[in-house]
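Enquirer: Dropping in run36.cif, with mmCIF, C-alpha atoms.
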data_model
#
loop_
_atom_site.group_PDB
_atom_site.id
_atom_site.type_symbol
_atom_site.label_atom_id
_atom_site.label_comp_id
_atom_site.auth_asym_id
_atom_site.auth_seq_id
_atom_site.Cartn_x
_atom_site.Cartn_y
_atom_site.Cartn_z
ATOM 1 C CA MET W 1 0.908 8.231 4.842
ATOM 2 C CA LYS W 2 0.872 7.864 8.607
ATOM 3 C CA VAL W 3 2.554 5.127 10.640
ATOM 4 C CA THR W 4 1.804 4.468 14.310
ATOM 5 C CA VAL W 5 3.778 2.063 16.481
ATOM 6 C CA ILE W 6 1.371 -0.255 18.299
ATOM 7 C CA GLY W 7 3.989 -2.693 19.616
ATOM 8 C CA TYR W 8 7.764 -2.849 19.368
ATOM 9 C CA TRP W 9 9.263 -5.328 21.836
ATOM 10 C CA GLY W 10 11.013 -8.483 20.740
ATOM 11 C CA ALA W 11 9.869 -11.927 21.964
ATOM 12 C CA PHE W 12 7.341 -10.821 24.603
ATOM 13 C CA PRO W 13 5.692 -7.553 25.617
ATOM 14 C CA LYS W 14 6.871 -5.527 28.568
ATOM 15 C CA LYS W 15 4.221 -4.650 31.142
ATOM 16 C CA ASN W 16 1.269 -2.823 29.531
ATOM 17 C CA GLU W 17 2.932 -2.879 26.105
ATOM 18 C CA ALA W 18 3.064 -5.083 22.985
ATOM 19 C CA THR W 19 5.343 -6.853 20.540
ATOM 20 C CA SER W 20 5.607 -6.112 16.823
ATOM 21 C CA CYS W 21 2.617 -4.290 15.344
ATOM 22 C CA TYR W 22 2.387 -1.156 13.178
ATOM 23 C CA LEU W 23 -0.631 0.726 11.880
ATOM 24 C CA PHE W 24 -0.329 2.227 8.388
ATOM 25 C CA GLU W 25 -2.954 4.775 7.335
ATOM 26 C CA HIS W 26 -3.511 6.521 4.015
ATOM 27 C CA ASP W 27 -6.625 7.973 2.384
ATOM 28 C CA GLY W 28 -8.807 6.582 5.172
ATOM 29 C CA PHE W 29 -7.510 3.007 4.766
ATOM 30 C CA HIS W 30 -6.126 1.199 7.847
ATOM 31 C CA LEU W 31 -3.525 -1.521 7.273
ATOM 32 C CA LEU W 32 -2.100 -3.446 10.215
ATOM 33 C CA VAL W 33 1.433 -4.773 9.692
ATOM 34 C CA ASP W 34 2.052 -7.714 12.029
ATOM 35 C CA CYS W 35 -0.127 -8.315 15.073
ATOM 36 C CA GLY W 36 1.989 -9.457 18.001
ATOM 37 C CA SER W 37 1.276 -10.182 21.633
ATOM 38 C CA GLY W 38 -0.661 -7.401 23.370
ATOM 39 C CA ALA W 39 -1.267 -5.568 20.098
ATOM 40 C CA LEU W 40 -5.050 -5.625 20.181
ATOM 41 C CA ALA W 41 -5.259 -3.905 23.573
ATOM 42 C CA GLN W 42 -2.883 -1.165 22.407
ATOM 43 C CA LEU W 43 -4.530 -0.778 19.012
ATOM 44 C CA GLN W 44 -7.864 0.163 20.572
ATOM 45 C CA ASN W 45 -6.224 3.291 22.006
ATOM 46 C CA VAL W 46 -5.754 4.436 18.404
ATOM 47 C CA ILE W 47 -8.616 3.040 16.294
ATOM 48 C CA ASP W 48 -11.615 0.779 16.769
ATOM 49 C CA ILE W 49 -11.346 -2.882 15.795
ATOM 50 C CA GLU W 50 -14.049 -2.326 13.169
ATOM 51 C CA GLN W 51 -11.836 0.198 11.375
ATOM 52 C CA ILE W 52 -9.137 -2.265 10.345
ATOM 53 C CA ASP W 53 -9.338 -2.778 6.572
ATOM 54 C CA ALA W 54 -6.576 -5.379 6.137
ATOM 55 C CA VAL W 55 -3.708 -7.082 7.953
ATOM 56 C CA ILE W 56 -0.392 -8.342 6.600
ATOM 57 C CA VAL W 57 2.129 -10.477 8.495
ATOM 58 C CA SER W 58 5.837 -10.948 7.886
ATOM 59 C CA HIS W 59 6.144 -14.406 9.483
ATOM 60 C CA TYR W 60 4.521 -16.667 12.023
ATOM 61 C CA HIS W 61 6.580 -16.288 15.203
ATOM 62 C CA HIS W 62 4.349 -15.553 18.192
ATOM 63 C CA ASP W 63 5.663 -12.040 18.736
ATOM 64 C CA HIS W 64 4.356 -11.108 15.275
ATOM 65 C CA VAL W 65 1.054 -13.006 15.099
ATOM 66 C CA ALA W 66 -0.048 -13.828 18.674
ATOM 67 C CA ASP W 67 -3.003 -11.426 18.587
ATOM 68 C CA ILE W 68 -4.421 -12.659 15.290
ATOM 69 C CA GLY W 69 -6.617 -15.037 17.307
ATOM 70 C CA PRO W 70 -7.927 -12.310 19.642
ATOM 71 C CA LEU W 71 -8.547 -10.106 16.586
ATOM 72 C CA GLN W 72 -10.633 -12.876 15.038
ATOM 73 C CA TYR W 73 -12.616 -13.346 18.251
ATOM 74 C CA ALA W 74 -13.150 -9.600 18.563
ATOM 75 C CA ARG W 75 -14.602 -9.322 15.062
ATOM 76 C CA LEU W 76 -16.702 -12.441 15.617
ATOM 77 C CA ILE W 77 -18.223 -10.952 18.767
ATOM 78 C CA LYS W 78 -18.829 -7.625 17.015
ATOM 79 C CA LYS W 79 -20.686 -9.476 14.257
ATOM 80 C CA ASN W 80 -22.709 -11.449 16.802
ATOM 81 C CA LEU W 81 -23.699 -8.131 18.377
ATOM 82 C CA GLY W 82 -25.060 -6.918 15.071
ATOM 83 C CA VAL W 83 -22.144 -4.979 13.612
ATOM 84 C CA ASP W 84 -22.033 -5.444 9.827
ATOM 85 C CA LEU W 85 -18.420 -6.440 9.186
ATOM 86 C CA PRO W 86 -16.986 -7.958 6.008
ATOM 87 C CA GLU W 87 -14.496 -10.807 6.148
ATOM 88 C CA LEU W 88 -11.174 -9.242 7.022
ATOM 89 C CA ALA W 89 -8.349 -10.115 4.625
ATOM 90 C CA ILE W 90 -5.176 -11.201 6.429
ATOM 91 C CA TYR W 91 -2.218 -11.510 4.081
ATOM 92 C CA GLY W 92 0.662 -13.879 4.767
ATOM 93 C CA HIS W 93 3.064 -16.157 2.933
ATOM 94 C CA SER W 94 1.892 -19.731 2.414
ATOM 95 C CA LEU W 95 5.276 -21.425 2.853
ATOM 96 C CA ASP W 96 4.322 -22.247 6.455
ATOM 97 C CA ARG W 97 1.041 -24.072 5.885
ATOM 98 C CA ASP W 98 -0.018 -24.248 9.533
ATOM 99 C CA GLY W 99 0.794 -20.602 10.217
ATOM 100 C CA PHE W 100 -0.997 -19.480 7.077
ATOM 101 C CA ALA W 101 -4.073 -21.597 7.843
ATOM 102 C CA ARG W 102 -4.467 -19.931 11.252
ATOM 103 C CA LEU W 103 -5.048 -16.574 9.551
ATOM 104 C CA ALA W 104 -8.504 -17.780 8.500
ATOM 105 C CA HIS W 105 -11.621 -17.917 10.673
ATOM 106 C CA LYS W 106 -14.736 -18.851 8.722
ATOM 107 C CA GLY W 107 -16.942 -15.859 8.064
ATOM 108 C CA VAL W 108 -14.649 -13.554 10.061
ATOM 109 C CA THR W 109 -11.200 -13.463 8.463
ATOM 110 C CA LYS W 110 -9.819 -14.910 5.257
ATOM 111 C CA ALA W 111 -6.217 -15.947 4.646
ATOM 112 C CA VAL W 112 -4.784 -14.421 1.484
ATOM 113 C CA ALA W 113 -1.410 -15.641 0.255
ATOM 114 C CA TYR W 114 1.009 -13.057 -1.054
ATOM 115 C CA ASP W 115 3.615 -13.983 -3.630
ATOM 116 C CA PRO W 116 6.899 -12.531 -2.354
ATOM 117 C CA ASN W 117 8.155 -12.347 -5.937
ATOM 118 C CA GLU W 118 5.315 -10.068 -6.991
ATOM 119 C CA THR W 119 4.204 -6.565 -6.041
ATOM 120 C CA LEU W 120 1.084 -6.549 -3.878
ATOM 121 C CA HIS W 121 -1.606 -3.869 -3.825
ATOM 122 C CA ILE W 122 -3.732 -3.472 -0.679
ATOM 123 C CA GLY W 123 -5.999 -0.448 -0.729
ATOM 124 C CA PRO W 124 -3.773 2.583 -1.446
ATOM 125 C CA PHE W 125 -0.596 0.696 -0.499
ATOM 126 C CA THR W 126 1.897 -0.920 -2.868
ATOM 127 C CA ILE W 127 4.049 -3.562 -1.191
ATOM 128 C CA SER W 128 7.144 -5.396 -2.384
ATOM 129 C CA PHE W 129 9.004 -8.069 -0.455
ATOM 130 C CA MET W 130 12.485 -9.296 0.402
ATOM 131 C CA GLU W 131 13.218 -12.606 2.099
ATOM 132 C CA THR W 132 15.151 -12.085 5.321
ATOM 133 C CA GLU W 133 17.579 -14.289 7.250
ATOM 134 C CA HIS W 134 15.712 -15.617 10.271
ATOM 135 C CA PRO W 135 14.920 -19.016 11.848
ATOM 136 C CA ALA W 136 11.417 -18.789 10.350
ATOM 137 C CA ILE W 137 10.649 -17.851 6.745
ATOM 138 C CA CYS W 138 10.169 -14.102 6.951
ATOM 139 C CA TYR W 139 9.713 -11.204 4.552
ATOM 140 C CA ALA W 140 10.681 -7.565 4.832
ATOM 141 C CA MET W 141 8.305 -5.101 3.188
ATOM 142 C CA ARG W 142 8.723 -1.934 1.175
ATOM 143 C CA ILE W 143 5.425 -0.093 1.508
ATOM 144 C CA THR W 144 4.589 2.896 -0.691
ATOM 145 C CA ALA W 145 1.576 5.209 -0.724
ATOM 146 C CA GLY W 146 1.417 8.511 -2.533
ATOM 147 C CA GLU W 147 4.993 9.685 -2.880
ATOM 148 C CA LYS W 148 6.257 8.239 0.416
ATOM 149 C CA THR W 149 7.980 4.934 1.152
ATOM 150 C CA VAL W 150 8.402 3.047 4.417
ATOM 151 C CA VAL W 151 10.602 -0.047 4.684
ATOM 152 C CA TYR W 152 9.996 -2.587 7.436
ATOM 153 C CA THR W 153 12.786 -5.110 7.900
ATOM 154 C CA ALA W 154 10.673 -7.463 10.033
ATOM 155 C CA ASP W 155 13.086 -9.944 11.687
ATOM 156 C CA SER W 156 16.488 -10.639 10.176
ATOM 157 C CA SER W 157 20.193 -10.725 10.649
ATOM 158 C CA TYR W 158 22.110 -8.193 8.559
ATOM 159 C CA LEU W 159 21.972 -8.717 4.805
ATOM 160 C CA PRO W 160 23.621 -6.421 2.234
ATOM 161 C CA GLN W 161 20.441 -6.729 0.151
ATOM 162 C CA PHE W 162 18.703 -4.455 2.635
ATOM 163 C CA VAL W 163 20.611 -1.480 1.219
ATOM 164 C CA PRO W 164 19.069 -1.468 -2.279
ATOM 165 C CA PHE W 165 15.745 -2.641 -0.825
ATOM 166 C CA ALA W 166 15.601 0.372 1.525
ATOM 167 C CA LYS W 167 17.132 2.854 -0.942
ATOM 168 C CA GLN W 168 15.943 6.427 -0.323
ATOM 169 C CA ALA W 169 13.102 5.326 1.973
ATOM 170 C CA ASN W 170 11.485 8.100 3.966
ATOM 171 C CA LEU W 171 11.286 5.836 7.020
ATOM 172 C CA LEU W 172 13.201 2.655 7.804
ATOM 173 C CA ILE W 173 11.613 0.564 10.570
ATOM 174 C CA CYS W 174 14.552 -1.646 11.438
ATOM 175 C CA GLU W 175 14.766 -4.413 13.966
ATOM 176 C CA CYS W 176 17.447 -3.872 16.600
ATOM 177 C CA ASN W 177 17.451 -6.731 19.073
ATOM 178 C CA PHE W 178 21.112 -6.451 20.084
ATOM 179 C CA TYR W 179 23.634 -3.822 21.109
ATOM 180 C CA ALA W 180 26.799 -2.913 19.218
ATOM 181 C CA GLY W 181 29.313 -5.729 19.012
ATOM 182 C CA GLN W 182 26.969 -8.462 20.230
ATOM 183 C CA PRO W 183 26.454 -11.730 18.281
ATOM 184 C CA ALA W 184 23.076 -10.943 16.727
ATOM 185 C CA LYS W 185 23.500 -13.016 13.564
ATOM 186 C CA GLN W 186 23.268 -16.372 15.313
ATOM 187 C CA ALA W 187 19.819 -15.413 16.632
ATOM 188 C CA GLY W 188 18.615 -14.078 13.274
ATOM 189 C CA HIS W 189 18.605 -10.460 14.428
ATOM 190 C CA MET W 190 20.584 -7.222 14.077
ATOM 191 C CA THR W 191 22.598 -4.845 16.211
ATOM 192 C CA SER W 192 22.295 -1.067 16.426
ATOM 193 C CA GLU W 193 25.411 -0.761 14.243
ATOM 194 C CA GLU W 194 23.945 -2.951 11.526
ATOM 195 C CA ALA W 195 20.643 -1.077 11.511
ATOM 196 C CA ALA W 196 22.528 2.208 11.230
ATOM 197 C CA THR W 197 24.713 0.852 8.420
ATOM 198 C CA ILE W 198 21.637 0.021 6.354
ATOM 199 C CA ALA W 199 20.163 3.468 7.031
ATOM 200 C CA ARG W 200 23.413 5.219 6.081
ATOM 201 C CA ASP W 201 24.141 3.196 2.948
ATOM 202 C CA ALA W 202 20.518 3.331 1.748
ATOM 203 C CA GLY W 203 20.277 7.082 2.301
ATOM 204 C CA VAL W 204 17.047 6.938 4.293
ATOM 205 C CA GLU W 205 15.584 9.984 6.016
ATOM 206 C CA THR W 206 14.555 8.513 9.381
ATOM 207 C CA LEU W 207 15.670 5.324 11.143
ATOM 208 C CA LEU W 208 13.284 3.850 13.699
ATOM 209 C CA LEU W 209 14.885 1.206 15.926
ATOM 210 C CA THR W 210 12.387 -1.456 16.954
ATOM 211 C CA HIS W 211 11.994 -5.104 18.080
ATOM 212 C CA LEU W 212 13.904 -3.961 21.146
ATOM 213 C CA PRO W 213 15.818 -6.155 23.622
ATOM 214 C CA HIS W 214 14.708 -6.844 27.190
ATOM 215 C CA PHE W 215 18.150 -6.146 28.658
ATOM 216 C CA GLY W 216 20.407 -3.148 29.003
ATOM 217 C CA ASN W 217 19.436 0.492 28.499
ATOM 218 C CA VAL W 218 17.659 0.719 25.137
ATOM 219 C CA GLU W 219 18.521 4.427 24.849
ATOM 220 C CA GLN W 220 22.086 3.208 24.283
ATOM 221 C CA LEU W 221 20.946 1.754 20.947
ATOM 222 C CA VAL W 222 20.255 5.254 19.648
ATOM 223 C CA ALA W 223 23.660 6.548 20.718
ATOM 224 C CA GLU W 224 25.360 3.586 19.025
ATOM 225 C CA ALA W 225 23.371 4.046 15.818
ATOM 226 C CA LYS W 226 24.173 7.764 15.666
ATOM 227 C CA MET W 227 27.870 6.941 15.549
ATOM 228 C CA ILE W 228 27.281 5.507 12.066
ATOM 229 C CA PHE W 229 24.103 7.103 10.700
ATOM 230 C CA HIS W 230 23.964 10.890 10.975
ATOM 231 C CA GLY W 231 20.335 11.275 9.936
ATOM 232 C CA ASP W 232 17.294 11.162 12.196
ATOM 233 C CA VAL W 233 17.394 8.198 14.622
ATOM 234 C CA GLN W 234 14.330 7.376 16.709
ATOM 235 C CA LEU W 235 13.594 4.699 19.304
ATOM 236 C CA ALA W 236 10.250 2.935 18.960
ATOM 237 C CA LYS W 237 7.695 3.699 21.653
ATOM 238 C CA THR W 238 4.010 2.914 22.025
ATOM 239 C CA ARG W 239 1.967 5.257 19.786
ATOM 240 C CA TRP W 240 5.060 6.883 18.283
ATOM 241 C CA THR W 241 3.897 8.312 14.962
ATOM 242 C CA TRP W 242 5.433 9.321 11.663
ATOM 243 C CA GLU W 243 3.651 11.245 8.928
ATOM 244 C CA GLY W 244 4.961 11.837 5.480
#
As structure tokens - that is how I would like this structure written.

Expert:
Amino acid sequence: MKVTVIGYWGAFPKKNEATSCYLFEHDGFHLLVDCGSGALAQLQNVIDIEQIDAVIVSHYHHDHVADIGPLQYARLIKKNLGVDLPELAIYGHSLDRDGFARLAHKGVTKAVAYDPNETLHIGPFTISFMETEHPAICYAMRITAGEKTVVYTADSSYLPQFVPFAKQANLLICECNFYAGQPAKQAGHMTSEEAATIARDAGVETLLLTHLPHFGNVEQLVAEAKMIFHGDVQLAKTRWTWEG
């Protein structure tokens, strides 16, 4: 399995970058996890739009779904230019009816509801879910292919349930929108210390800090996390890749 960071900023993209979006690849299948603002421009540096096989979204905040519309337009234009493209399946929860409905564009993309209480199979990927603590209904994902497992927290304040959910993951993609000691919970996000605590207690191999803040020196997040988690700590960057 290969994971490539397409976007990693919280709320809005920094210049020439993107918000939450991750490309998962295995056995030639391309799964896009979230599709935030600026994601489509960055994605085309890695794969062509036609190569996307499926998309799954954690929730419907703009920084996770803003480029769903541009993706739909892009595939529509490709089809109008004669490219033979099937309807692209975009998976999301149906508890936000308006957000879920926007995943569909007739003849271009179809909205497919996932049941967060059931295991989902998309191509070679097996996905299970955990509801997070966030102002919008949001689901973390445990994604397995082959013998490797990646856990994506999506957006959430700290929950002890993340520890068994992320147990022994090869890669933990954990949101980190606040620095150590800051009041992240009230915003529905986590600090570097909380991300590191999950990584330590779950016994993961690599911690990737993402959904980064627009203030302070983000390199400080890594230093803070390393005080708690003594495994591999990485800071998300555009086109950062992990292979397992």

Enquirer: As a check of understanding, name the residues that the PyMOL selection byres ((chain W and resi 205) around 8) selects in the supplied structure, as a ChimeraX atom specification.

Expert: /W:168-172,203-204,206-207,231-232

Enquirer: I want to know what sits within 12 Å of Thr119 (chain W), based on only C-alpha atoms, with residues of the same chain fewer than 3 positions away left out; could you give that as a ChimeraX atom specification?

Expert: /W:114-116,122,125-130,141-144

Enquirer: Evaluate the PyMOL selection byres ((chain W and resi 24-29) around 10) and record the selected residues as an MDAnalysis selection string, following the chain and residue labels used in the document.

Expert: chainID W and resid 1:5 21:23 30:33 51:55 122:125 143 145:146 150 241:243

Enquirer: Hey, can you spit out that residue selection with C-alpha atoms as a PDB file, in the frame of the given file?

Expert:
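Result file follows (out_19.pdb):
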ATOM      1  CA  MET W   1       0.908   8.231   4.842  1.00  0.00           C
ATOM      2  CA  LYS W   2       0.872   7.864   8.607  1.00  0.00           C
ATOM      3  CA  VAL W   3       2.554   5.127  10.640  1.00  0.00           C
ATOM      4  CA  THR W   4       1.804   4.468  14.310  1.00  0.00           C
ATOM      5  CA  VAL W   5       3.778   2.063  16.481  1.00  0.00           C
ATOM      6  CA  CYS W  21       2.617  -4.290  15.344  1.00  0.00           C
ATOM      7  CA  TYR W  22       2.387  -1.156  13.178  1.00  0.00           C
ATOM      8  CA  LEU W  23      -0.631   0.726  11.880  1.00  0.00           C
ATOM      9  CA  HIS W  30      -6.126   1.199   7.847  1.00  0.00           C
ATOM     10  CA  LEU W  31      -3.525  -1.521   7.273  1.00  0.00           C
ATOM     11  CA  LEU W  32      -2.100  -3.446  10.215  1.00  0.00           C
ATOM     12  CA  VAL W  33       1.433  -4.773   9.692  1.00  0.00           C
ATOM     13  CA  GLN W  51     -11.836   0.198  11.375  1.00  0.00           C
ATOM     14  CA  ILE W  52      -9.137  -2.265  10.345  1.00  0.00           C
ATOM     15  CA  ASP W  53      -9.338  -2.778   6.572  1.00  0.00           C
ATOM     16  CA  ALA W  54      -6.576  -5.379   6.137  1.00  0.00           C
ATOM     17  CA  VAL W  55      -3.708  -7.082   7.953  1.00  0.00           C
ATOM     18  CA  ILE W 122      -3.732  -3.472  -0.679  1.00  0.00           C
ATOM     19  CA  GLY W 123      -5.999  -0.448  -0.729  1.00  0.00           C
ATOM     20  CA  PRO W 124      -3.773   2.583  -1.446  1.00  0.00           C
ATOM     21  CA  PHE W 125      -0.596   0.696  -0.499  1.00  0.00           C
ATOM     22  CA  ILE W 143       5.425  -0.093   1.508  1.00  0.00           C
ATOM     23  CA  ALA W 145       1.576   5.209  -0.724  1.00  0.00           C
ATOM     24  CA  GLY W 146       1.417   8.511  -2.533  1.00  0.00           C
ATOM     25  CA  VAL W 150       8.402   3.047   4.417  1.00  0.00           C
ATOM     26  CA  THR W 241       3.897   8.312  14.962  1.00  0.00           C
ATOM     27  CA  TRP W 242       5.433   9.321  11.663  1.00  0.00           C
ATOM     28  CA  GLU W 243       3.651  11.245   8.928  1.00  0.00           C
TER      29      GLU W 243
END

Enquirer: Output the residue selection produced by the PyMOL selection byres ((chain W and resi 134) around 12) on the file above, formatted as a list in words.

Expert: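 With the shown file as input, the PyMOL selection byres ((chain W and resi 134) around 12) matches Ser58, His59, Tyr60, His61, Glu131, Thr132, Glu133, Pro135, Ala136, Ile137, Cys138, Tyr139, Ala140, Thr153, Ala154, Asp155, Ser156, Ser157, Tyr158, Leu159, Glu175, Ala184, Lys185, Gln186, Ala187, Gly188, His189 and Met190 of chain W.
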
Enquirer: Which is closest to Gly244 (chain W) among W:Asn177, W:Thr210, W:Thr149, W:Thr191, if we use only C-alpha atoms?

Expert: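 Of W:Asn177, W:Thr210, W:Thr149, W:Thr191, the one nearest Gly244 (chain W) is W:Thr149, counting only C-alpha atoms.
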
Enquirer: May I have the residues within 10 Å of Lys106 (chain W) as a PyMOL selection string, using only C-alpha atoms and disregarding those fewer than 5 positions away in the same chain?

Expert: chain W and resi 72+76+87+111

Enquirer: Have a look at W:Asn217, W:Thr238, W:Asn80, W:Thr109 and name the one nearest to Pro13 (chain W); count only C-alpha atoms.

Expert: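 Answer, going by the shortest atom-to-atom distance: W:Thr238.
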
Enquirer: Find the residues around Asn16 (chain W) up to 10 Å (only C-alpha atoms counted), leave out those fewer than 2 positions away in its own chain, and share them as a list in words.

Expert: Pro13, Lys14, Ala18, Gly38, Ala41, Gln42 and Thr238 of chain W

Enquirer: Rank nothing, just name the residue among W:Lys167, W:Val151, W:Ile56, W:Pro160 nearest to His121 (chain W), using all atoms listed in the file.

Expert: W:Ile56

Enquirer: Draw an axis-aligned box over all listed atoms of region 95-99 of chain W, pad each side with 6 Å, and write its centre and edge lengths in Å, one decimal, as lines of an AutoDock Vina configuration file.

Expert:
center_x = 2.6
center_y = -22.4
center_z = 6.5
size_x = 17.3
size_y = 15.6
size_z = 19.4

Enquirer: Counting only C-alpha atoms, figure out which residue out of W:Ile90, W:Val163, W:Leu235, W:Leu71 gets nearest to Leu221 (chain W).

Expert: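 The shortest atom-to-atom distance to Leu221 (chain W) comes from W:Leu235.
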
Enquirer: Can you tell me how far CA of Asp63 (chain W) sits from CA of Phe229 (chain W), in Å to one decimal?

Expert: 27.8 Å

Enquirer: In Å, rounded to a single decimal, give me how far CA of Asp67 (chain W) is from CA of Trp240 (chain W).

Expert: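 Between CA of Trp240 (chain W) and CA of Asp67 (chain W) the gap is 20.0 Å.
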
Enquirer: For Leu208 (chain W), which residue among W:Arg97, W:His230, W:Arg102, W:Lys237 is the nearest when counting only C-alpha atoms?

Expert: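 Closest residue, counting only C-alpha atoms: W:Lys237.
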
Enquirer: Please measure the separation of CA of Cys35 (chain W) and CA of Val65 (chain W), giving the value in Å to one decimal.

Expert: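 Computed distance, CA of Cys35 (chain W) to CA of Val65 (chain W), equals 4.8 Å.
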
Enquirer: Quick one: of W:Leu120, W:Ala74, W:Leu209, W:Ala236, who's nearest to Phe178 (chain W), counting only C-alpha atoms?

Expert: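 The answer is W:Leu209, which sits nearest to Phe178 (chain W).
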